[in-house]
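Printed here is model.txt (compact mmCIF, C-alpha atoms and all ligand atoms):
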# COMPACT_ATOMS: atom_id res chain seq x y z
CA MET S 93 41.95 -29.25 50.88
CA ASP S 94 45.09 -28.16 49.07
CA SER S 95 45.72 -29.31 45.55
CA ASP S 96 47.53 -28.56 42.36
CA LYS S 97 44.18 -28.47 40.55
CA SER S 98 42.76 -25.34 39.02
CA CYS S 99 39.28 -23.83 39.19
CA SER S 100 36.99 -25.15 36.42
CA ILE S 101 35.46 -21.69 36.08
CA CYS S 102 38.37 -19.22 36.17
CA GLY S 103 41.50 -21.39 36.11
CA LYS S 104 42.91 -20.04 39.38
CA LYS S 105 44.24 -22.33 42.08
CA ALA S 106 41.47 -24.64 43.28
CA VAL S 107 40.83 -25.05 47.00
CA PHE S 108 37.81 -27.33 47.00
CA TYR S 109 36.40 -30.23 45.03
CA SER S 110 32.65 -29.83 44.76
CA ALA S 111 31.06 -33.28 44.71
CA TYR S 112 27.80 -31.52 43.93
CA LEU S 113 29.08 -29.85 40.76
CA LYS S 114 31.78 -32.46 40.13
CA GLN S 115 34.23 -29.58 39.70
CA TRP S 116 37.33 -28.13 41.34
CA LEU S 117 36.77 -24.55 42.45
CA CYS S 118 38.85 -21.61 43.68
CA LYS S 119 37.93 -19.83 46.93
CA LYS S 120 35.84 -17.18 45.20
CA HIS S 121 33.89 -19.59 43.04
CA PHE S 122 33.48 -22.16 45.80
CA GLU S 123 31.87 -19.52 48.02
CA ARG S 124 29.82 -18.10 45.19
CA MET S 125 28.50 -21.49 44.05
CA LEU S 126 27.61 -22.52 47.57
CA LEU S 127 25.65 -19.36 48.33
CA LYS S 128 24.00 -19.58 44.92
CA ARG S 129 22.85 -23.15 45.60
CA VAL S 130 21.18 -22.16 48.87
CA ARG S 131 19.54 -19.12 47.30
CA SER S 132 18.26 -21.25 44.48
CA ASN S 133 16.84 -23.75 47.02
CA MET S 134 15.02 -20.87 48.68
CA ASN S 135 13.67 -19.65 45.34
CA SER S 136 12.58 -23.00 44.01
CA HIS S 137 10.71 -23.72 47.23
CA GLU S 138 9.22 -20.25 47.11
CA ILE S 139 10.54 -19.17 50.45
CA ARG S 140 9.94 -15.46 50.21
CA ASP S 141 9.38 -14.36 53.77
CA LYS S 142 11.68 -11.54 54.78
CA SER S 143 11.88 -12.70 58.37
CA PHE S 144 13.22 -16.06 59.43
CA ILE S 145 13.88 -18.03 62.55
CA PHE S 146 16.99 -20.22 62.33
CA GLY S 147 16.72 -23.69 63.81
CA ASP S 148 19.27 -25.12 66.26
CA GLU S 149 19.26 -28.61 64.74
CA ASN S 150 22.78 -28.51 63.35
CA LYS S 151 25.23 -25.92 64.71
CA CYS S 152 27.42 -25.51 61.65
CA GLY S 153 24.30 -25.32 59.46
CA LYS S 154 22.94 -22.58 61.69
CA GLU S 155 26.21 -20.63 61.46
CA PHE S 156 25.93 -20.81 57.70
CA LEU S 157 22.33 -19.56 57.71
CA LYS S 158 23.32 -16.71 60.01
CA PHE S 159 26.12 -15.80 57.63
CA MET S 160 23.83 -15.94 54.58
CA PHE S 161 21.23 -13.72 56.14
CA ASN S 162 23.70 -11.31 57.75
CA ASP S 163 22.57 -12.36 61.18
CA ARG S 164 19.10 -11.03 60.45
CA GLU S 165 17.30 -13.49 62.65
CA SER S 166 13.77 -12.65 63.71
CA SER S 167 11.61 -13.76 66.55
CA HIS S 168 8.88 -14.65 64.08
CA GLY S 169 8.49 -15.73 60.49
CA GLU S 170 9.29 -18.83 58.50
CA LYS S 171 11.49 -21.38 60.23
CA LEU S 172 14.69 -22.28 58.42
CA TYR S 173 15.95 -25.60 59.73
CA SER S 174 19.72 -26.00 59.89
CA TYR S 175 19.83 -29.67 58.86
CA THR S 176 22.52 -30.42 56.28
CA LEU S 177 22.93 -32.99 53.53
CA GLU S 178 24.35 -35.48 56.06
CA ASP S 179 21.28 -35.24 58.28
CA PHE S 180 18.98 -36.06 55.38
CA ALA S 181 21.27 -38.75 53.96
CA ILE S 182 21.36 -40.45 57.40
CA SER S 183 17.58 -40.27 57.59
CA VAL S 184 17.10 -41.90 54.17
CA MET S 185 19.73 -44.56 54.87
CA LYS S 186 18.18 -45.44 58.24
CA PHE S 187 14.84 -45.82 56.53
CA PHE S 188 16.34 -48.30 54.05
CA LEU S 189 18.54 -50.17 56.53
CA PHE S 190 16.42 -50.28 59.67
CA HIS S 191 12.97 -49.15 58.50
CA ASP S 192 13.30 -46.24 60.89
CA PRO S 193 10.43 -43.85 60.29
CA PRO S 194 11.79 -40.70 58.59
CA ASN S 195 11.83 -37.89 61.12
CA LYS S 196 12.62 -34.87 59.01
CA LYS S 197 11.18 -33.34 55.89
CA ILE S 198 12.90 -30.79 53.66
CA GLU S 199 9.66 -28.90 53.36
CA GLN S 200 7.42 -28.65 56.38
CA LYS S 201 4.23 -26.84 57.17
CA ASN S 202 5.92 -23.78 58.61
CA GLY S 203 9.48 -24.35 57.68
CA PHE S 204 12.10 -25.37 55.21
CA SER S 205 15.62 -26.85 55.21
CA PRO S 206 17.58 -24.78 52.67
CA LEU S 207 20.80 -26.74 53.32
CA PHE S 208 19.43 -30.15 52.35
CA ASN S 209 21.97 -30.41 49.51
CA VAL S 210 24.84 -28.67 51.29
CA SER S 211 27.31 -30.87 53.16
CA GLU S 212 28.94 -30.14 56.51
CA ASN S 213 32.24 -30.53 54.75
CA GLU S 214 31.28 -27.62 52.49
CA VAL S 215 30.12 -25.49 55.41
CA ILE S 216 33.26 -26.22 57.44
CA SER S 217 35.53 -25.51 54.45
CA PHE S 218 33.59 -22.30 53.77
CA PHE S 219 34.35 -21.02 57.26
CA LYS S 220 37.88 -22.40 57.31
CA LEU S 221 38.62 -20.27 54.23
CA LYS S 222 37.41 -17.33 56.32
CA LYS S 223 39.68 -18.49 59.17
CA ARG S 224 36.74 -19.35 61.36
CA ASP S 225 36.11 -22.60 63.16
CA VAL S 226 32.59 -23.93 63.45
CA GLU S 227 31.28 -26.57 65.77
CA LYS S 228 30.23 -29.89 64.36
CA ILE S 229 26.96 -31.47 65.36
CA SER S 230 27.14 -34.31 67.88
CA ARG S 231 25.13 -37.30 66.78
CA SER S 232 23.88 -40.46 68.38
CA GLY S 233 26.03 -43.59 68.06
CA LYS S 234 23.65 -45.07 65.52
CA ASP S 235 23.64 -41.92 63.38
CA GLU S 236 27.43 -41.70 63.60
CA SER S 237 27.87 -45.25 62.36
CA VAL S 238 25.46 -44.69 59.47
CA LEU S 239 27.35 -41.49 58.60
CA LYS S 240 30.68 -43.31 58.73
CA PHE S 241 29.30 -45.84 56.26
CA LEU S 242 27.98 -43.04 54.02
CA SER S 243 31.30 -41.17 54.20
CA GLU S 244 33.15 -44.24 53.01
CA ILE S 245 30.81 -44.48 50.04
CA GLU S 246 31.24 -40.75 49.43
CA GLU S 247 35.01 -41.15 49.43
CA ARG S 248 34.82 -43.83 46.80
CA ARG S 249 32.12 -42.11 44.82
CA PRO S 250 31.89 -38.35 45.46
CA GLY S 251 28.28 -37.27 45.12
CA GLY S 252 26.90 -40.48 46.61
CA MET S 253 25.17 -38.67 49.44
CA ILE S 254 23.53 -36.22 47.06
CA SER S 255 22.21 -39.12 44.98
CA LEU S 256 20.82 -40.79 48.09
CA VAL S 257 19.05 -37.60 49.16
CA LYS S 258 17.60 -37.22 45.66
CA VAL S 259 16.18 -40.75 45.87
CA GLY S 260 14.76 -39.89 49.31
CA ILE S 261 13.01 -36.84 47.85
CA LYS S 262 11.64 -38.81 44.94
CA LEU S 263 10.22 -41.46 47.24
CA GLY S 264 8.81 -38.88 49.63
CA ILE S 265 10.94 -40.11 52.54
CA ILE S 266 12.35 -36.71 53.36
ZN ZN U 1 37.46 -19.64 40.15

Starting from the file, lay out its structure as structure tokens.
Amino acid sequence: MDSDKSCSICGKKAVFYSAYLKQWLCKKHFERMLLKRVRSNMNSHEIRDKSFIFGDENKCGKEFLKFMFNDRESSHGEKLYSYTLEDFAISVMKFFLFHDPPNKKIEQKNGFSPLFNVSENEVISFFKLKKRDVEKISRSGKDESVLKFLSEIEERRPGGMISLVKVGIKLGII
């Protein structure tokens, strides 16, 4: 995303609008804030294990986890699911719209989804700024149409998906 906006932190040329922070950010601060958010998710959920298994649920999410942990993937340890904000937002929306039973939890018995508040758009932009392409998840038709609906809301009101996920957490749906 190119713009004539400047970074809210350092004033340099902004490359990304963070719906999460409601701020324009330069490359350095976008990357820093994103990594910081995931680390803080890990800390606040007390994920301390030094060895992790990365889940295959969402390819671009997994690439991001691999990047964050310098490819230190183990064959044992706590499972880090690669679901992103979209996956959880779809789950909450399907619960409201169709009464579909929620099928994923942020915190599970032997695992955690550290990217629950990180969007695919952020992950893809993160890698694009590093000149790397990442594969997007392929979803079912139903999930795709729910996501299309959510994306339209997000376009009109950036941060809408985050708010939905927060409601889902509060109600114990995800
Ligand atoms: Zn900056």

Could you produce a table of the residues of chain S lying within 12 Å of ligand ZN 1 (chain U), with the nearest pair of atoms per residue and their separation in Å rounded to one decimal, using all atoms listed in the file, ordered by chain and increasing residue number, as a Markdown table?
| residue | atom | partner | partner_atom | distance |
| --- | --- | --- | --- | --- |
| S:Lys97 | CA | U:ZN1 | ZN | 11.1 |
| S:Ser98 | CA | U:ZN1 | ZN | 7.9 |
| S:Cys99 | CA | U:ZN1 | ZN | 4.7 |
| S:Ser100 | CA | U:ZN1 | ZN | 6.7 |
| S:Ile101 | CA | U:ZN1 | ZN | 5.0 |
| S:Cys102 | CA | U:ZN1 | ZN | 4.1 |
| S:Gly103 | CA | U:ZN1 | ZN | 6.0 |
| S:Lys104 | CA | U:ZN1 | ZN | 5.5 |
| S:Lys105 | CA | U:ZN1 | ZN | 7.5 |
| S:Ala106 | CA | U:ZN1 | ZN | 7.1 |
| S:Val107 | CA | U:ZN1 | ZN | 9.4 |
| S:Phe108 | CA | U:ZN1 | ZN | 10.3 |
| S:Tyr109 | CA | U:ZN1 | ZN | 11.7 |
| S:Gln115 | CA | U:ZN1 | ZN | 10.5 |
| S:Trp116 | CA | U:ZN1 | ZN | 8.6 |
| S:Leu117 | CA | U:ZN1 | ZN | 5.5 |
| S:Cys118 | CA | U:ZN1 | ZN | 4.3 |
| S:Lys119 | CA | U:ZN1 | ZN | 6.8 |
| S:Lys120 | CA | U:ZN1 | ZN | 5.8 |
| S:His121 | CA | U:ZN1 | ZN | 4.6 |
| S:Phe122 | CA | U:ZN1 | ZN | 7.4 |
| S:Glu123 | CA | U:ZN1 | ZN | 9.7 |
| S:Arg124 | CA | U:ZN1 | ZN | 9.3 |
| S:Met125 | CA | U:ZN1 | ZN | 9.9 |

Restricting it to C-alpha atoms, dump the selection as a tab-separated table (two decimals), keeping the file's coordinate frame.
chain	number	residue	atom	x	y	z
S	97	LYS	CA	44.18	-28.47	40.55
S	98	SER	CA	42.76	-25.34	39.02
S	99	CYS	CA	39.28	-23.83	39.19
S	100	SER	CA	36.99	-25.15	36.42
S	101	ILE	CA	35.46	-21.69	36.08
S	102	CYS	CA	38.37	-19.22	36.17
S	103	GLY	CA	41.50	-21.39	36.11
S	104	LYS	CA	42.91	-20.04	39.38
S	105	LYS	CA	44.24	-22.33	42.08
S	106	ALA	CA	41.47	-24.64	43.28
S	107	VAL	CA	40.83	-25.05	47.00
S	108	PHE	CA	37.81	-27.33	47.00
S	109	TYR	CA	36.40	-30.23	45.03
S	115	GLN	CA	34.23	-29.58	39.70
S	116	TRP	CA	37.33	-28.13	41.34
S	117	LEU	CA	36.77	-24.55	42.45
S	118	CYS	CA	38.85	-21.61	43.68
S	119	LYS	CA	37.93	-19.83	46.93
S	120	LYS	CA	35.84	-17.18	45.20
S	121	HIS	CA	33.89	-19.59	43.04
S	122	PHE	CA	33.48	-22.16	45.80
S	123	GLU	CA	31.87	-19.52	48.02
S	124	ARG	CA	29.82	-18.10	45.19
S	125	MET	CA	28.50	-21.49	44.05

Take every atom of stretch 179-191 of chain S listed in the file, fit an axis-aligned box around them, add 4 Å per side, and give the centre and edge lengths in Å to one decimal as lines of an AutoDock Vina configuration file.
center_x = 17.2
center_y = -42.8
center_z = 56.8
size_x = 16.4
size_y = 23.0
size_z = 13.7

#### Entry: Nearest to S:Lys154 by atom-to-atom distance, counting only C-alpha atoms, from S:Glu227, S:Asp192, S:Glu170, S:Glu138
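Comparing S:Glu227, S:Asp192, S:Glu170, S:Glu138 against S:Lys154, the winner is S:Glu227.
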
Would you mind listing, for every residue of stretch 133-235 of chain S within 9 Å of stretch 239-246 of chain S, the two atoms forming the shortest contact and the distance between them in Å to one decimal, using all atoms listed in the file, sorted by chain and ascending residue number, as CSV?
residue,atom,partner,partner_atom,distance
S:Glu178,CA,S:Leu239,CA,7.2
S:Asp179,CA,S:Leu239,CA,8.7
S:Ala181,CA,S:Leu242,CA,8.0
S:Ile182,CA,S:Leu239,CA,6.2
S:Met185,CA,S:Leu242,CA,8.4
S:Lys234,CA,S:Leu239,CA,8.6
S:Asp235,CA,S:Leu239,CA,6.1

Can you spit out the residues from that selection as a JSON list (two decimals), in the coordinates of the input, using C-alpha atoms?
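Full text of part20.json as output:
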[["chain", "number", "residue", "atom", "x", "y", "z"],
["S", 178, "GLU", "CA", 24.35, -35.48, 56.06],
["S", 179, "ASP", "CA", 21.28, -35.24, 58.28],
["S", 181, "ALA", "CA", 21.27, -38.75, 53.96],
["S", 182, "ILE", "CA", 21.36, -40.45, 57.40],
["S", 185, "MET", "CA", 19.73, -44.56, 54.87],
["S", 234, "LYS", "CA", 23.65, -45.07, 65.52],
["S", 235, "ASP", "CA", 23.64, -41.92, 63.38]]

Worksheet item: Near S:Asp163, within 12 Å and counting all atoms listed in the file, which residues show up once chain neighbours fewer than 6 positions away are dropped, as a VMD selection string?
Response: chain S and resid 143 to 146 154 to 157

Which residue of S:Ser110, S:Asn202, S:Asn195, S:Asn150 approaches S:Leu126 most closely, using only C-alpha atoms
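Checking each of S:Ser110, S:Asn202, S:Asn195, S:Asn150 against S:Leu126, counting only C-alpha atoms, the winner is S:Ser110.
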
Quiz item: At a cut-off of 12 Å from (22.0, -31.9, 47.2) in the coordinates of the file, what residues are picked up using all atoms listed in the file, written as a ChimeraX atom specification?
Solution: /S:110-113,126,129-130,132-133,176-181,198,205-212,214,250-261

Query raised in the report: Which one is closest to S:Lys228: S:Lys151, S:Lys114, S:His137, S:Arg131? Count all atoms listed in the file.
Result: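 Nearest candidate to S:Lys228 out of S:Lys151, S:Lys114, S:His137, S:Arg131: S:Lys151.
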
Just how far from atom CA of S:Phe204 is atom CA of S:Arg224, in Å to one decimal?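 So the two atoms, atom CA of S:Arg224 and atom CA of S:Phe204, lie 26.1 Å apart.
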
Tell me, in Å to one decimal, how far atom CA of S:Gly147 is from atom CA of S:Val238.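 Going from atom CA of S:Gly147 over to atom CA of S:Val238, I get 23.2 Å.
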
Between atom CA of S:Phe218 and atom CA of S:Lys158 - distance in Å to one decimal: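 So the two atoms, atom CA of S:Lys158 and atom CA of S:Phe218, lie 13.3 Å apart.
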